[in-house]
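Asker: Submitted below is the structure of interest, expressed as C-alpha cells.
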Amino acid sequence: MHLVADSTCDISEADAAARGLAIVPLKVIIGDEVFADGRDIDAATLYSRMRSSSVVPRTSQPTPAEFEATFREVDSDGRAIVCTTIAAEMSGTHSAAIQAREALPGMDIRILDTHTVGPGHRLIVNAVLDAAASGADAAEIEGLVAGIAATMRLVFTVESLEYLRRGGRIGGGRALLGSVLNVKPILEVRDGTVEPLHRVRTFPRALDRIVEEVSRSAQSWGGRARVLVAHADQREAGAEVARRVSEIAGETVELIDVGPVIGCHGGPGAVGVAFHRR
C-alpha cells in the first residue's frame, strides 16, 4: 500500500520519505506570512518568534486539492492508499482528506481519523509504518489504528492556557481559565477534544502528575505501554520525563519536538506524553 499522513504527526519530510510516507503539511500563519508546517518553518523558529513577538500565530488545514495532489502522486500502481489525520474534532484536515477521496472515485483510499494529535498521531504512524514493513495490508492497518486509538491517551501541561483559548482548542479546559495564577493545568486530549484532568501548584508537580498517569495506565495494561514524550521549547524537562517513563514502559522512550502547528495552539513551554496499550 501507499502511506500518507498530515504533518501533525511531527515526522520530518526527510524521515518520512526514507520510510515511504508522504506528508501533507498544514500551514502556520504569522501575520502576513504563511509557512508549510515542518517544511518552511521548524519548531525552534516558531517558539523563538512566539516568545519575542506579540503576534499570535494561526494555523490552517490543507485544502482538498492538496490532498488530492498527494494521492495522485503516490498512486502510480493502483495500490491502496492509507492516510492518517489529526482528530476530526480538532481540525478540518480530516474532512479535506475525505473530500479529496470523493474526487478520486477510482482509487482505493482509506482515510483514518486518529482521534488524537502530535505525539499521539506520531505513535500511530510509527505503528502503521512498522506494520506495513512487515507485510500488513490496508484492512489490517485499519484494524491496527482502531485498536491503538481505543487505548491512546495524550496528557500534557502548558505554561499558559491562553494559546489554547485563542485558538479555540481549549474544550472543557475552559473551566480552568479563571484559576488562581501560577496553577499549572494538566490536560488530556480525549475523543479529539482538550479536557481538564488535574491542576497543581508547580511545573515540577505537573510533570510528576503526568508520569503518574502513565504509570497508572501501564499497570492497568499489565505493564505493556508504548510511550512517546514531546516538548515545546522544554527539552530538559522533556528529557527527564522521557527517562522516567522509560522505566515504566520497559523500553527507551523517544523524545520529540512538538511541531509548529501544534505548538501554535499549546504555546512554548508545554510537555506532553502520548501512550497506549502495547
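In the C-alpha cells, the first chain shown is A, the next is B, and so on; residue numbers restart at 1 for each chain, and ligands run from 1 in the order shown.
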Considering only C-alpha atoms, return as a PyMOL selection string whatever protein or nucleic-acid residues lie within 7 Å of Ile23 of chain A, sequence-local ones (same chain, fewer than 2 positions apart) excluded.

Answerer: chain A and resi 4-7+13+21+25

Asker: Quick one: DSSP helix (DSSP H, G or I) residues in segment 17-210 of chain A, as JSON, numbers by chain?

Answerer: {"A": [17, 18, 43, 44, 45, 46, 47, 48, 49, 50, 51, 52, 64, 65, 66, 67, 68, 69, 70, 71, 72, 73, 74, 93, 94, 95, 96, 97, 98, 99, 100, 101, 102, 119, 120, 121, 122, 123, 124, 125, 126, 127, 128, 129, 130, 131, 132, 133, 138, 139, 140, 141, 142, 143, 144, 145, 146, 147, 148, 149, 150, 151, 162, 163, 164, 165, 166, 171, 172, 173, 174, 175, 176, 203, 204, 205, 206, 207, 208, 209, 210]}

Asker: Residues within 10 Å of Val273 of chain A, please, as a short mmCIF file (atom, residue, chain, number, x, y, z; two decimals) with C-alpha atoms, in the first residue's frame. Count only C-alpha atoms; anything in the same chain fewer than 6 positions from it doesn't count.

Answerer:
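Written file, result-v5.cif:
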data_model
loop_
_atom_site.label_atom_id
_atom_site.label_comp_id
_atom_site.auth_asym_id
_atom_site.auth_seq_id
_atom_site.Cartn_x
_atom_site.Cartn_y
_atom_site.Cartn_z
CA GLY A 118 1.00 15.43 17.74
CA PRO A 119 2.77 12.68 19.71
CA GLY A 120 -0.39 10.54 19.67
CA ARG A 153 -4.01 8.79 25.88
CA LEU A 154 -2.31 12.15 25.42
CA VAL A 155 -1.66 14.01 28.68
CA PHE A 156 0.17 17.33 28.80
CA THR A 157 0.79 20.55 30.66
CA GLU A 188 -5.81 15.42 28.18
CA LEU A 207 5.39 16.68 35.35
CA ILE A 210 1.87 13.23 34.03
CA VAL A 211 4.31 10.45 34.88
CA GLU A 213 -0.85 8.95 34.71
CA VAL A 214 1.46 6.89 32.51
CA VAL A 227 5.09 5.77 25.11
CA LEU A 228 6.32 8.93 23.36
CA VAL A 229 7.28 12.25 25.00
CA ALA A 230 7.04 15.62 23.28
CA HIS A 231 8.14 19.07 24.39
CA GLY A 238 11.04 16.63 28.42
CA VAL A 241 10.08 12.85 31.76
CA ALA A 242 11.29 10.54 28.97
CA VAL A 245 8.56 6.90 31.70
CA LEU A 255 11.63 12.46 22.85
#

Asker: Which residue, A:Ala274, A:Val24, A:Ile186, A:Met107, has the smallest gap to Glu254 of chain A when you use only C-alpha atoms?

Answerer: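 The shortest atom-to-atom distance to Glu254 of chain A comes from A:Ala274.
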
Asker: Contacts of Asp108 of chain A at 9 Å or less, counting only C-alpha atoms, minus same-chain residues fewer than 6 places along, as an MDAnalysis selection string?

Answerer: chainID A and resid 78:82 101

Asker: Do you know which residues are at most 10 Å from segment 38-48 of chain A counting only C-alpha atoms, after dropping those on the same chain fewer than 4 positions away, and could you put them as a VMD selection string?

Answerer: chain A and resid 7 to 8 10 to 14 23 25 to 28 30 34 52 to 53 57 232 to 233 257 to 264 267 to 269

Asker: Put those residues in a file: C-alpha atoms, as a compact mmCIF listing (two decimals), in the first residue's frame.

Answerer:
# COMPACT_ATOMS: atom_id res chain seq x y z
CA SER A 7 2.00 16.97 9.24
CA THR A 8 0.59 16.86 12.77
CA ASP A 10 5.50 15.63 13.52
CA ILE A 11 7.69 13.43 11.35
CA SER A 12 10.10 15.38 9.17
CA GLU A 13 9.58 15.04 5.44
CA ALA A 14 13.11 13.62 5.07
CA ILE A 23 3.34 14.14 4.29
CA PRO A 25 1.50 19.83 5.54
CA LEU A 26 -0.85 22.07 7.42
CA LYS A 27 0.04 25.76 7.45
CA VAL A 28 1.33 28.19 10.08
CA ILE A 30 2.21 34.61 11.37
CA VAL A 34 2.33 31.64 5.52
CA SER A 52 9.63 37.56 21.23
CA SER A 53 6.53 38.80 19.38
CA PRO A 57 0.32 32.63 15.07
CA ALA A 232 7.73 22.64 23.16
CA ASP A 233 10.95 24.51 23.96
CA ASP A 257 9.76 18.43 19.49
CA VAL A 258 6.14 19.48 19.33
CA GLY A 259 5.82 20.61 15.72
CA PRO A 260 4.90 24.13 14.59
CA VAL A 261 1.16 23.61 14.00
CA ILE A 262 0.53 22.01 17.38
CA GLY A 263 2.95 24.44 19.01
CA CYS A 264 0.85 27.37 17.79
CA GLY A 267 2.44 27.58 23.07
CA PRO A 268 6.08 27.30 24.13
CA GLY A 269 6.81 25.55 27.41

Asker: Taking the DSSP secondary structure from the backbone, can you list the residues of segment 49-146 of chain A that are strand (DSSP E), as a tab-separated table (two decimals) with N, CA and C atoms, in the first residue's frame?

Answerer:
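Saved to result-v4.tsv:
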chain	number	residue	atom	x	y	z
A	58	ARG	N	-1.41	31.66	13.74
A	58	ARG	CA	-2.62	30.89	13.46
A	58	ARG	C	-2.25	29.68	12.61
A	59	THR	N	-3.19	28.79	12.44
A	59	THR	CA	-2.95	27.62	11.60
A	59	THR	C	-4.09	27.44	10.60
A	60	SER	N	-3.79	26.71	9.55
A	60	SER	CA	-4.79	26.43	8.52
A	60	SER	C	-4.61	25.00	8.03
A	81	ILE	N	-4.26	3.28	-0.75
A	81	ILE	CA	-3.62	4.39	-0.03
A	81	ILE	C	-4.26	4.48	1.35
A	82	VAL	N	-3.43	4.50	2.38
A	82	VAL	CA	-3.91	4.66	3.75
A	82	VAL	C	-3.40	6.00	4.26
A	83	CYS	N	-4.32	6.86	4.69
A	83	CYS	CA	-3.98	8.21	5.13
A	83	CYS	C	-4.49	8.44	6.55
A	84	THR	N	-3.59	8.79	7.47
A	84	THR	CA	-3.99	9.11	8.85
A	84	THR	C	-4.04	10.62	9.02
A	85	THR	N	-4.99	11.09	9.84
A	85	THR	CA	-5.15	12.52	10.07
A	85	THR	C	-5.31	12.84	11.54
A	109	ILE	N	-8.76	4.56	-1.37
A	109	ILE	CA	-8.15	5.46	-0.39
A	109	ILE	C	-8.85	5.29	0.95
A	110	ARG	N	-8.10	4.95	1.98
A	110	ARG	CA	-8.66	4.78	3.33
A	110	ARG	C	-8.23	5.98	4.17
A	111	ILE	N	-9.18	6.78	4.64
A	111	ILE	CA	-8.89	7.94	5.48
A	111	ILE	C	-9.18	7.56	6.93
A	112	LEU	N	-8.15	7.58	7.77
A	112	LEU	CA	-8.27	7.10	9.14
A	112	LEU	C	-8.12	8.27	10.13
A	113	ASP	N	-9.16	8.53	10.89
A	113	ASP	CA	-9.14	9.54	11.93
A	113	ASP	C	-8.44	8.96	13.15

Asker: Would you pick out the contacts of Asp191 of chain A at 9 Å or less, using only C-alpha atoms, so that residues sharing its chain but fewer than 5 positions from it are not included, and give the list as an MDAnalysis selection string?

Answerer: chainID A and resid 87 89 115:116

Asker: Env of Arg205 of chain A: 12 Å cut, atoms = only C-alpha atoms, seq-sep filter 3 positions within chain, self excluded. Answer as a list of chain:residue names.

Answerer: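 In the requested format, the answer is A:Thr157, A:Val183, A:Lys184, A:Pro185, A:Ile186, A:His198, A:Arg199, A:Val200, A:Arg201, A:Thr202, A:Asp208, A:Arg209, A:Ile210, A:Val211, A:Glu212, A:Ala237, A:Val241.
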
Asker: Restricting the calculation to only C-alpha atoms, which member of A:Arg224, A:Asp137, A:Thr63, A:Glu73 is positioned closest to Met1 of chain A?

Answerer: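 Checking each of A:Arg224, A:Asp137, A:Thr63, A:Glu73 against Met1 of chain A, counting only C-alpha atoms, the winner is A:Asp137.
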
Asker: Figure out the distance between atom CA of Gly92 of chain A and atom CA of Pro64 of chain A, please, to one decimal in Å.

Answerer: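 Between atom CA of Pro64 of chain A and atom CA of Gly92 of chain A the gap is 10.0 Å.
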
Asker: Restricting the calculation to only C-alpha atoms, which member of A:His265, A:Gly192, A:Ala17, A:Asp37 is positioned closest to Ala88 of chain A?

Answerer: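 Ranking A:His265, A:Gly192, A:Ala17, A:Asp37 by distance to Ala88 of chain A, first place goes to A:Gly192.
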
Asker: Looking at A:Ala69, A:Val128, A:Val253, A:Ala218, which one is nearest to Ala103 of chain A, with distances taken over only C-alpha atoms?

Answerer: A:Ala69
